[in-house]
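For reference, the structure discussed in these notes is given below.
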Amino acid sequence: MKLPKTNVSPTAFTNSMNRIKIVLLCTISALALAARAETTTVTVDANAGKPISPDLVGIFFEDLNYAADGGLYAELVQNRSFEYSATEQPSWGPLTGWEFLKRGGGAGELWVDSSGPIHPNNPHSALIQITSVGDGVGLSNSGFDGIPVKAGEQYDFSVFARLLNVGDRGHSKPVGKLPLSVRLETKDGVVLGEAGVQASSPADWKQLTATLTASQTVPDARLVVLAKEPGLIALDEVSLFPQKTFKGRKNGLRADLAQAIADLHPKFMRFPGGCLTHGDGLGNIYRWKDTIGPVEQRKGQANIWRYHQSVGLGYFEYFQFCEDIGAKPLPVLAAGVSCQNSTRTRGTGQQCIPMADMPAYIQDVLDLIEWANGPTNSIWGAKRAAAGHPAPFGLKYLGVGNEDKQTDGFRERFQMIYEAIRAKHPEITVVGTVGPAPSGEDFDLGWKFAGQLHVPIVDEHYYQSPEWFWDHLNRYDHYDRAKPKVYVGEYAAHDAKRRSTQRAALAEAAYLTSLEKNGDVVHFASYAPLLARRGHTQWTPDMIYFNGTDVFPTISYYVQQLFGLNAGDTCLPTAVSDSNEFAASSVRDSKTGDLIVKLVNGANTPRPLRIELNGVATLPRSATKTVLTGANADVANPDGGVPAAKPEVSPIEVGPVFDYEAPANSLTVIRVQSK
Ligand code: AHR
């Protein structure tokens, strides 16, 4: 800056400049205070209230972004059944994820064999001929980006093995026994744990098991299986599970991810999707019967998201998980048509199951209900019992269709399925579908059709900008209460470039207040998608990111968690004097009697609030406030990492009227305890 020519010394000039700065700053602060003095009044009427769905907030699970295999399903071996194929990814085949090892002078050959499968659903196996043992001939598997192991923890290994007869593949010596060394190794070959199993004749498939204990914590170990004698052996269904699965279940779920989901307190869980449900062409529709029973007999298939689904996490594991976390199951079955946007069959659009095959398909749908709820002496109830769950699972809801194009083919098949369910199982509430978007042709036609059939609930989907969510807070205010109820089955706000930001999460929070207010018409809501493995995403944003060792919840996760934890069954009228970038809702939870007020400040400045709790007897009571805030609404957690905001709980003094300043960009939940 050029100094003006005066008789004032530079020091005196600087001092007077500083005084001017101070005066300016004081004026700006005074103006800011004046702006902040605009108090918003939030008036809760606890005398009134309407019943709302007690099951409003739940979860949407789809094997997308490696959510199941390489994700929630705790299996550590990738491609354990040698069933990967080029239809999934052009460079893939049965040996993807595997390495053939011939150590220290070992010699032999490896083939993919399909001459004598364990089960027709599991056609391929690895056939290894060991001609010279050396330091071992066999296979290694590097899991999903490496196998994470923890020092001192135990891992259950299993493999199906079959010794082949003399003469097969030119092998000349009969082998009655073939010992195998099973190891956990670092990628540099350091042994972290070892056990031995022994394959023996007769030459039928036999499962061998062992327990390995890891000596070190390593994020990217390998599983190694080495033959220690010459011979000819087929291996299949090579498996490694941590013993510490969620609730210690066999064939179970990854404990940390499952716990993160349980901590959402979801009231329901949708499964298996999403587009995965209706699949990539008719042959790819998700068939629930292929996903139960012994894992080596299940029918894995190409995932619509272009990888492999082993269906090790199948219907049994899904229902079991629902029970473990107290969520109602909400399975969704295809409506007799495939996905109109199938990626491999792109251009063919929606395909319809031929009418001649519809009776069998409908029977599959009815069988699912019997499998879930039927007595143990029913055909399908007996299968549930044989899997270890004689008690019924208590299925109440069943989705039919996902975002389907509203064609005649769809309508005809949906109606057949719907009427069959109603006739045989009137106790089941069917959830229909109204297309992929919050408006448009399929949406309108879907609603019209659902209305004609009196479908009890329909499934709406929308992935939109934060502004869209703020602009549509009154979407359900005017929905006809006599028409079908709504399941907001898939929704997420995303900023530009599909970023998951605090702004987006708060838009979802604001929207959830509007769903609570309309909880008499909106029965369920689930953010989508739920899970995404870092480096393997096909869709963003997602609620929970993870890698092999860590879980990274997003801000959206905490929003969902706060609504899940603070659900109610009566919505109390809640008026706000200024709804610009601000939303609020209040509920009462009849189980605890607590009154819960949710306040969303979407502005970049704090908002002074005057909260009036009308009609609440014996105030003040003890109350807590949980605040989710972060100064910068633009902060994103696109692929996991430390979330920019986490909820913090503290006590708050409340009375019939009390003041509270909602921080900038925040969700606050005030919970007034009844006792
Ligand atoms: O949630 C991701 C995908 O979005 C679902 O599979 C599909 O139903 C929707 O289009």
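Here, A, B, ... name the chains of the structure tokens in the order displayed, residue numbers run from 1 inside each chain, and ligands are numbered from 1 in the same displayed order.
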Could you name the residues that touch Tyr558 of chain A at 12 Å or less, counting only C-alpha atoms, but leaving out those on the same chain fewer than 6 positions away, as a compact mmCIF listing (two decimals) with all heavy atoms, in the first residue's frame?
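Written output follows (out-v8.txt):
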```
# COMPACT_ATOMS: atom_id res chain seq x y z
N ALA A 260 -21.58 -52.10 12.60
CA ALA A 260 -21.89 -50.74 12.13
C ALA A 260 -23.33 -50.67 11.63
O ALA A 260 -24.03 -49.67 11.84
CB ALA A 260 -20.92 -50.33 11.01
N ILE A 261 -23.78 -51.73 11.00
CA ILE A 261 -25.16 -51.76 10.50
C ILE A 261 -26.13 -51.87 11.69
O ILE A 261 -27.13 -51.14 11.76
CB ILE A 261 -25.35 -52.92 9.51
CG1 ILE A 261 -24.50 -52.68 8.26
CG2 ILE A 261 -26.82 -53.08 9.13
CD1 ILE A 261 -24.42 -53.84 7.31
N ASP A 263 -25.70 -50.82 14.58
CA ASP A 263 -25.70 -49.55 15.31
C ASP A 263 -26.59 -48.49 14.66
O ASP A 263 -26.83 -47.43 15.24
CB ASP A 263 -24.27 -49.01 15.45
CG ASP A 263 -23.43 -49.86 16.39
OD1 ASP A 263 -24.01 -50.67 17.15
OD2 ASP A 263 -22.19 -49.73 16.36
N LEU A 264 -27.05 -48.77 13.47
CA LEU A 264 -28.02 -47.86 12.84
C LEU A 264 -29.41 -48.03 13.46
O LEU A 264 -30.29 -47.22 13.24
CB LEU A 264 -28.12 -48.14 11.34
CG LEU A 264 -26.96 -47.68 10.47
CD1 LEU A 264 -27.04 -48.33 9.09
CD2 LEU A 264 -26.96 -46.16 10.33
N HIS A 265 -29.61 -49.14 14.15
CA HIS A 265 -30.92 -49.50 14.72
C HIS A 265 -32.01 -49.50 13.64
O HIS A 265 -33.07 -48.89 13.81
CB HIS A 265 -31.28 -48.55 15.87
CG HIS A 265 -30.29 -48.63 16.98
ND1 HIS A 265 -30.41 -49.52 18.02
CD2 HIS A 265 -29.13 -47.97 17.17
CE1 HIS A 265 -29.36 -49.39 18.81
NE2 HIS A 265 -28.56 -48.46 18.32
N GLN A 502 -21.51 -33.01 3.74
CA GLN A 502 -22.34 -32.68 4.90
C GLN A 502 -23.63 -32.00 4.46
O GLN A 502 -24.69 -32.21 5.03
CB GLN A 502 -21.56 -31.75 5.82
CG GLN A 502 -22.44 -31.24 6.93
CD GLN A 502 -21.67 -31.00 8.18
OE1 GLN A 502 -20.50 -31.33 8.26
NE2 GLN A 502 -22.31 -30.44 9.16
N ALA A 505 -25.93 -34.71 3.49
CA ALA A 505 -26.43 -35.45 4.66
C ALA A 505 -27.50 -34.64 5.40
O ALA A 505 -28.50 -35.19 5.86
CB ALA A 505 -25.27 -35.78 5.59
N LEU A 506 -27.30 -33.34 5.48
CA LEU A 506 -28.29 -32.52 6.19
C LEU A 506 -29.58 -32.39 5.38
O LEU A 506 -30.67 -32.30 5.95
CB LEU A 506 -27.72 -31.14 6.52
CG LEU A 506 -26.64 -31.18 7.60
CD1 LEU A 506 -26.05 -29.80 7.83
CD2 LEU A 506 -27.19 -31.74 8.91
N GLU A 508 -30.72 -34.80 3.64
CA GLU A 508 -31.40 -36.07 3.97
C GLU A 508 -32.07 -35.97 5.35
O GLU A 508 -33.18 -36.46 5.54
CB GLU A 508 -30.39 -37.23 3.96
CG GLU A 508 -29.92 -37.58 2.56
CD GLU A 508 -28.49 -38.15 2.52
OE1 GLU A 508 -27.92 -38.42 3.59
OE2 GLU A 508 -27.96 -38.31 1.41
N ALA A 509 -31.38 -35.32 6.29
CA ALA A 509 -31.95 -35.16 7.63
C ALA A 509 -33.23 -34.33 7.56
O ALA A 509 -34.26 -34.69 8.16
CB ALA A 509 -30.94 -34.51 8.56
N TYR A 527 -32.14 -45.34 2.98
CA TYR A 527 -31.05 -44.71 2.20
C TYR A 527 -30.41 -45.81 1.35
O TYR A 527 -30.29 -46.95 1.77
CB TYR A 527 -30.01 -44.15 3.18
CG TYR A 527 -28.81 -43.52 2.52
CD1 TYR A 527 -28.69 -42.14 2.46
CD2 TYR A 527 -27.79 -44.30 1.98
CE1 TYR A 527 -27.58 -41.55 1.86
CE2 TYR A 527 -26.69 -43.72 1.37
CZ TYR A 527 -26.59 -42.35 1.32
OH TYR A 527 -25.49 -41.76 0.73
N MET A 543 -23.47 -45.24 1.95
CA MET A 543 -23.59 -44.84 3.36
C MET A 543 -22.37 -45.22 4.20
O MET A 543 -21.92 -44.49 5.05
CB MET A 543 -24.84 -45.46 3.98
CG MET A 543 -25.28 -44.73 5.24
SD MET A 543 -26.20 -45.77 6.37
CE MET A 543 -27.66 -46.15 5.48
N ILE A 544 -21.85 -46.43 3.95
CA ILE A 544 -20.72 -46.92 4.75
C ILE A 544 -19.64 -47.41 3.79
O ILE A 544 -19.89 -48.30 2.98
CB ILE A 544 -21.13 -48.09 5.66
CG1 ILE A 544 -22.29 -47.70 6.57
CG2 ILE A 544 -19.95 -48.59 6.47
CD1 ILE A 544 -22.90 -48.88 7.34
N PHE A 552 -15.64 -47.07 7.44
CA PHE A 552 -15.66 -45.61 7.39
C PHE A 552 -17.09 -45.11 7.21
O PHE A 552 -17.57 -45.01 6.08
CB PHE A 552 -14.80 -45.11 6.22
CG PHE A 552 -13.41 -45.70 6.18
CD1 PHE A 552 -13.09 -46.69 5.26
CD2 PHE A 552 -12.44 -45.28 7.07
CE1 PHE A 552 -11.83 -47.24 5.22
CE2 PHE A 552 -11.17 -45.83 7.04
CZ PHE A 552 -10.86 -46.81 6.12
N GLY A 564 -32.72 -43.48 13.40
CA GLY A 564 -33.01 -44.86 13.83
C GLY A 564 -33.08 -44.97 15.34
O GLY A 564 -33.98 -45.60 15.91
N LEU A 565 -32.14 -44.30 16.01
CA LEU A 565 -32.09 -44.35 17.48
C LEU A 565 -33.21 -43.55 18.11
O LEU A 565 -33.57 -43.81 19.26
CB LEU A 565 -30.77 -43.71 17.94
CG LEU A 565 -29.59 -44.60 18.19
CD1 LEU A 565 -28.35 -43.74 18.42
CD2 LEU A 565 -29.83 -45.49 19.39
N ASN A 566 -33.70 -42.58 17.41
CA ASN A 566 -34.68 -41.66 17.98
C ASN A 566 -36.01 -41.73 17.25
O ASN A 566 -36.63 -40.70 16.97
CB ASN A 566 -34.11 -40.24 17.98
CG ASN A 566 -32.93 -40.13 18.91
OD1 ASN A 566 -33.08 -40.19 20.14
ND2 ASN A 566 -31.73 -40.04 18.35
N THR A 626 -28.20 -34.38 21.07
CA THR A 626 -27.16 -35.00 20.25
C THR A 626 -27.00 -34.12 19.04
O THR A 626 -27.97 -33.84 18.32
CB THR A 626 -27.58 -36.42 19.83
OG1 THR A 626 -27.98 -37.13 21.00
CG2 THR A 626 -26.45 -37.15 19.15
N VAL A 627 -25.79 -33.64 18.84
CA VAL A 627 -25.56 -32.66 17.77
C VAL A 627 -24.57 -33.24 16.76
O VAL A 627 -23.50 -33.71 17.12
CB VAL A 627 -25.02 -31.34 18.35
CG1 VAL A 627 -24.91 -30.28 17.25
CG2 VAL A 627 -25.91 -30.84 19.47
N LEU A 628 -24.99 -33.18 15.52
CA LEU A 628 -24.13 -33.60 14.41
C LEU A 628 -23.84 -32.34 13.61
O LEU A 628 -24.74 -31.78 12.99
CB LEU A 628 -24.89 -34.61 13.54
CG LEU A 628 -24.21 -35.12 12.28
CD1 LEU A 628 -22.97 -35.93 12.61
CD2 LEU A 628 -25.18 -35.99 11.47
N THR A 629 -22.63 -31.88 13.67
CA THR A 629 -22.33 -30.61 12.97
C THR A 629 -20.90 -30.59 12.47
O THR A 629 -20.05 -31.34 12.92
CB THR A 629 -22.58 -29.41 13.90
OG1 THR A 629 -22.43 -28.21 13.13
CG2 THR A 629 -21.62 -29.37 15.08
N PRO A 643 -14.94 -39.24 8.98
CA PRO A 643 -16.07 -38.37 8.63
C PRO A 643 -15.85 -36.98 9.18
O PRO A 643 -15.24 -36.79 10.22
CB PRO A 643 -17.26 -39.06 9.29
CG PRO A 643 -16.71 -39.92 10.34
CD PRO A 643 -15.31 -40.28 9.93
N ALA A 644 -16.36 -35.99 8.44
CA ALA A 644 -16.15 -34.60 8.82
C ALA A 644 -16.97 -34.23 10.04
O ALA A 644 -16.72 -33.21 10.67
CB ALA A 644 -16.54 -33.72 7.65
N ALA A 645 -17.95 -35.03 10.38
CA ALA A 645 -18.78 -34.71 11.53
C ALA A 645 -19.21 -36.00 12.19
O ALA A 645 -19.42 -37.02 11.53
CB ALA A 645 -20.00 -33.92 11.07
N LYS A 646 -19.32 -35.96 13.51
CA LYS A 646 -19.77 -37.12 14.29
C LYS A 646 -20.72 -36.60 15.34
O LYS A 646 -20.51 -35.50 15.87
CB LYS A 646 -18.59 -37.75 15.01
CG LYS A 646 -17.95 -38.89 14.30
CD LYS A 646 -16.85 -39.44 15.17
CE LYS A 646 -16.56 -40.87 14.80
NZ LYS A 646 -15.51 -41.45 15.61
N PRO A 647 -21.74 -37.38 15.72
CA PRO A 647 -22.66 -36.86 16.72
C PRO A 647 -22.02 -36.77 18.10
O PRO A 647 -21.24 -37.64 18.47
CB PRO A 647 -23.79 -37.90 16.73
CG PRO A 647 -23.44 -38.93 15.74
CD PRO A 647 -22.08 -38.69 15.22
N GLU A 648 -22.37 -35.72 18.82
CA GLU A 648 -21.89 -35.57 20.20
C GLU A 648 -23.07 -35.39 21.12
O GLU A 648 -23.95 -34.57 20.86
CB GLU A 648 -20.94 -34.38 20.30
CG GLU A 648 -19.61 -34.74 19.70
CD GLU A 648 -18.58 -33.65 19.78
OE1 GLU A 648 -18.80 -32.67 20.52
OE2 GLU A 648 -17.58 -33.78 19.05
N SER A 666 -26.18 -28.17 10.90
CA SER A 666 -26.28 -29.16 11.98
C SER A 666 -27.62 -29.90 12.00
O SER A 666 -28.63 -29.40 11.51
CB SER A 666 -26.10 -28.47 13.33
OG SER A 666 -27.17 -27.59 13.56
N LEU A 667 -27.56 -31.08 12.57
CA LEU A 667 -28.76 -31.81 12.99
C LEU A 667 -28.66 -31.94 14.51
O LEU A 667 -27.64 -32.42 15.02
CB LEU A 667 -28.79 -33.20 12.35
CG LEU A 667 -29.72 -34.24 13.00
CD1 LEU A 667 -31.18 -33.82 12.91
CD2 LEU A 667 -29.53 -35.61 12.33
N THR A 668 -29.71 -31.52 15.19
CA THR A 668 -29.75 -31.67 16.65
C THR A 668 -30.95 -32.52 17.00
O THR A 668 -32.06 -32.29 16.48
CB THR A 668 -29.89 -30.31 17.35
OG1 THR A 668 -28.81 -29.48 16.98
CG2 THR A 668 -29.91 -30.48 18.88
N VAL A 669 -30.73 -33.49 17.87
CA VAL A 669 -31.85 -34.29 18.38
C VAL A 669 -31.95 -34.04 19.87
O VAL A 669 -31.00 -34.32 20.61
CB VAL A 669 -31.64 -35.79 18.10
CG1 VAL A 669 -32.82 -36.59 18.65
CG2 VAL A 669 -31.46 -36.04 16.61
```
Distance query segment 389-395 of chain A at most 12 Å, only C-alpha atoms, self and fewer than 2 positions along chain excluded, as an MDAnalysis selection string:
chainID A and resid 268:270 315:324 326:332 368:378 380:387 397:399 425 427:430
Rounded to one decimal place, report the atom CA of Asn251 of chain A-atom CA of Gly314 of chain A distance in Å.
10.2 Å
Per-residue nearest contacts of chain A to ligand 1 (7 Å; only C-alpha atoms and all ligand atoms) as CSV:
```
residue,atom,partner,partner_atom_place_in_ligand_line,distance
A:Glu62,CA,ligand 1,6 (O),6.9
A:Gly273,CA,ligand 1,6 (O),5.7
A:Gly274,CA,ligand 1,6 (O),3.3
A:Cys275,CA,ligand 1,6 (O),3.8
A:Leu276,CA,ligand 1,6 (O),6.1
A:Asn402,CA,ligand 1,8 (O),6.0
A:Glu403,CA,ligand 1,8 (O),6.1
A:Pro436,CA,ligand 1,10 (O),6.0
A:Glu490,CA,ligand 1,1 (O),6.3
A:Ala528,CA,ligand 1,1 (O),5.0
A:Pro529,CA,ligand 1,1 (O),4.6
A:Trp539,CA,ligand 1,2 (C),6.5
```
Run DSSP on the backbone and tell me which residues of segment 354-396 of chain A come out as helix (DSSP H, G or I); list them as a PyMOL selection string.
chain A and resi 355-373+379-386
Assign secondary structure with DSSP using the backbone only, and return the residues of segment 439-619 of chain A in strand (DSSP E or B) as a ChimeraX atom specification.
/A:457-464,485-493,495,499,501,522-527,531-533,544-546,551-553,570-572,574-576,582-588,595-601,607-614
For those residues, write C-alpha atoms to a file as a short mmCIF file (atom, residue, chain, number, x, y, z; two decimals), in the first residue's frame.
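Here's the written file out-v9.cif:
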```cif
data_model
loop_
_atom_site.label_atom_id
_atom_site.label_comp_id
_atom_site.auth_asym_id
_atom_site.auth_seq_id
_atom_site.Cartn_x
_atom_site.Cartn_y
_atom_site.Cartn_z
CA ILE A 457 -47.46 -50.06 -0.25
CA VAL A 458 -45.44 -48.86 -3.23
CA ASP A 459 -41.70 -48.28 -3.53
CA GLU A 460 -40.49 -44.84 -4.67
CA HIS A 461 -36.84 -44.10 -5.52
CA TYR A 462 -34.88 -40.90 -5.88
CA TYR A 463 -31.24 -39.85 -6.01
CA GLN A 464 -31.20 -36.07 -6.15
CA LYS A 485 -48.80 -46.18 1.46
CA VAL A 486 -45.24 -45.32 0.47
CA TYR A 487 -41.90 -47.02 0.92
CA VAL A 488 -39.11 -44.61 0.02
CA GLY A 489 -36.99 -47.60 -0.88
CA GLU A 490 -33.94 -45.86 -2.29
CA TYR A 491 -32.86 -42.29 -1.76
CA ALA A 492 -29.72 -40.26 -1.25
CA ALA A 493 -28.75 -36.66 -1.74
CA ASP A 495 -23.71 -32.91 -4.39
CA ARG A 499 -20.15 -36.28 -3.81
CA THR A 501 -21.11 -34.06 1.65
CA VAL A 522 -44.72 -43.11 4.44
CA HIS A 523 -44.32 -46.48 6.05
CA PHE A 524 -40.65 -47.20 5.35
CA ALA A 525 -37.60 -45.32 4.14
CA SER A 526 -34.12 -46.61 3.36
CA TYR A 527 -31.05 -44.71 2.20
CA LEU A 531 -22.12 -50.45 1.65
CA ALA A 532 -19.13 -49.83 -0.58
CA ARG A 533 -15.70 -51.37 -0.56
CA ILE A 544 -20.72 -46.92 4.75
CA TYR A 545 -17.34 -47.34 3.10
CA PHE A 546 -14.87 -50.00 4.15
CA VAL A 551 -15.10 -49.23 8.42
CA PHE A 552 -15.66 -45.61 7.39
CA PRO A 553 -19.12 -44.30 8.15
CA THR A 570 -46.61 -40.68 17.29
CA CYS A 571 -45.80 -37.54 15.36
CA LEU A 572 -46.47 -34.30 17.22
CA THR A 574 -44.32 -29.00 15.08
CA ALA A 575 -44.57 -25.49 13.67
CA VAL A 576 -41.56 -23.37 12.77
CA PHE A 582 -34.50 -25.06 8.53
CA ALA A 583 -36.67 -28.09 9.27
CA ALA A 584 -37.98 -29.72 12.43
CA SER A 585 -40.12 -32.63 13.53
CA SER A 586 -41.14 -34.13 16.86
CA VAL A 587 -42.20 -37.61 17.82
CA ARG A 588 -43.14 -39.49 20.92
CA LEU A 595 -40.48 -36.84 23.48
CA ILE A 596 -37.94 -36.30 20.71
CA VAL A 597 -37.43 -33.08 18.77
CA LYS A 598 -35.26 -33.04 15.65
CA LEU A 599 -33.89 -29.76 14.34
CA VAL A 600 -32.01 -29.35 11.07
CA ASN A 601 -30.18 -26.13 10.38
CA ARG A 607 -29.64 -20.25 14.26
CA PRO A 608 -31.08 -19.06 17.59
CA LEU A 609 -34.18 -21.03 18.44
CA ARG A 610 -36.96 -20.59 20.95
CA ILE A 611 -38.50 -23.99 21.55
CA GLU A 612 -41.97 -24.20 23.03
CA LEU A 613 -43.08 -27.57 24.31
CA ASN A 614 -46.80 -27.10 24.73
#
```
Need the shell around segment 128-143 of chain A: protein/DNA/RNA residues with any atom at most 6 Å away, counting only C-alpha atoms. Skip same-chain ones fewer than 3 positions apart. Format as a PyMOL selection string?
chain A and resi 76-78+97-110+146-147+222-233
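Shortest separation to Ala617 of chain A among A:Ser114, A:Ser674, A:Thr592, A:Thr245 occurs at residue A:Ser674, atoms counted being only C-alpha atoms.
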Counting only C-alpha atoms, what is within 10 Å of Gln351 of chain A, bar same-chain residues fewer than 2 positions away, as a VMD selection string?
chain A and resid 278 280 to 283 336 to 340 342 345 348 to 349 353 to 354 409 to 410
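When only C-alpha atoms are used to measure the gap to Trp288 of chain A, the shortest distance among A:Ala234, A:Leu366, A:Leu178, A:Met358 belongs to A:Leu366.
Atom pair atom CA of Val197 of chain A / atom CA of Ala161 of chain A: separated by 10.2 Å.
Here atom CA of Gln309 of chain A stands at a distance of 26.7 Å from atom CA of Ser500 of chain A.
Proximity ranking of A:Ala335, A:Val191, A:Ile421, A:Ala450 relative to Val434 of chain A places A:Ala450 first, based on only C-alpha atoms.
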As a list in words, please: the residues near Pro656 of chain A (cut-off 12 Å, only C-alpha atoms, same-chain neighbours under 3 positions excluded).
Val42, Thr43, Val44, Asp45, Ala46, Arg610, Ile611, Glu612, Leu613, Asn614, Gly615, Val616, Ala617, Thr618, Leu619, Pro620, Arg621, Glu653, Asp659 and Val672 of chain A
Deliver the residues from the most recent selection as a file, using C-alpha atoms, as an mmCIF file, in the first residue's frame.
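Printed below is part.cif as written:
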```
data_model
loop_
_atom_site.group_PDB
_atom_site.id
_atom_site.type_symbol
_atom_site.label_atom_id
_atom_site.label_comp_id
_atom_site.auth_asym_id
_atom_site.auth_seq_id
_atom_site.Cartn_x
_atom_site.Cartn_y
_atom_site.Cartn_z
ATOM 1 C CA VAL A 42 -40.295 -24.047 17.117
ATOM 2 C CA THR A 43 -43.662 -24.900 18.639
ATOM 3 C CA VAL A 44 -44.374 -28.501 19.554
ATOM 4 C CA ASP A 45 -47.909 -29.473 20.449
ATOM 5 C CA ALA A 46 -47.619 -32.488 22.698
ATOM 6 C CA ARG A 610 -36.960 -20.587 20.954
ATOM 7 C CA ILE A 611 -38.500 -23.986 21.553
ATOM 8 C CA GLU A 612 -41.975 -24.198 23.027
ATOM 9 C CA LEU A 613 -43.077 -27.568 24.312
ATOM 10 C CA ASN A 614 -46.800 -27.104 24.725
ATOM 11 C CA GLY A 615 -48.762 -29.623 26.698
ATOM 12 C CA VAL A 616 -45.854 -31.493 28.230
ATOM 13 C CA ALA A 617 -46.676 -32.205 31.849
ATOM 14 C CA THR A 618 -44.079 -31.839 34.614
ATOM 15 C CA LEU A 619 -41.328 -30.006 32.828
ATOM 16 C CA PRO A 620 -38.408 -29.583 33.253
ATOM 17 C CA ARG A 621 -37.193 -33.099 32.879
ATOM 18 C CA GLU A 653 -31.842 -27.979 30.222
ATOM 19 C CA ASP A 659 -33.684 -21.312 24.006
ATOM 20 C CA VAL A 672 -36.749 -35.348 26.691
#
```
A:Phe271, A:Tyr660, A:Phe157, A:Phe443 ranked by distance to Gly58 of chain A, top pick (using only C-alpha atoms)
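Ranking A:Phe271, A:Tyr660, A:Phe157, A:Phe443 by distance to Gly58 of chain A, first place goes to A:Phe271.
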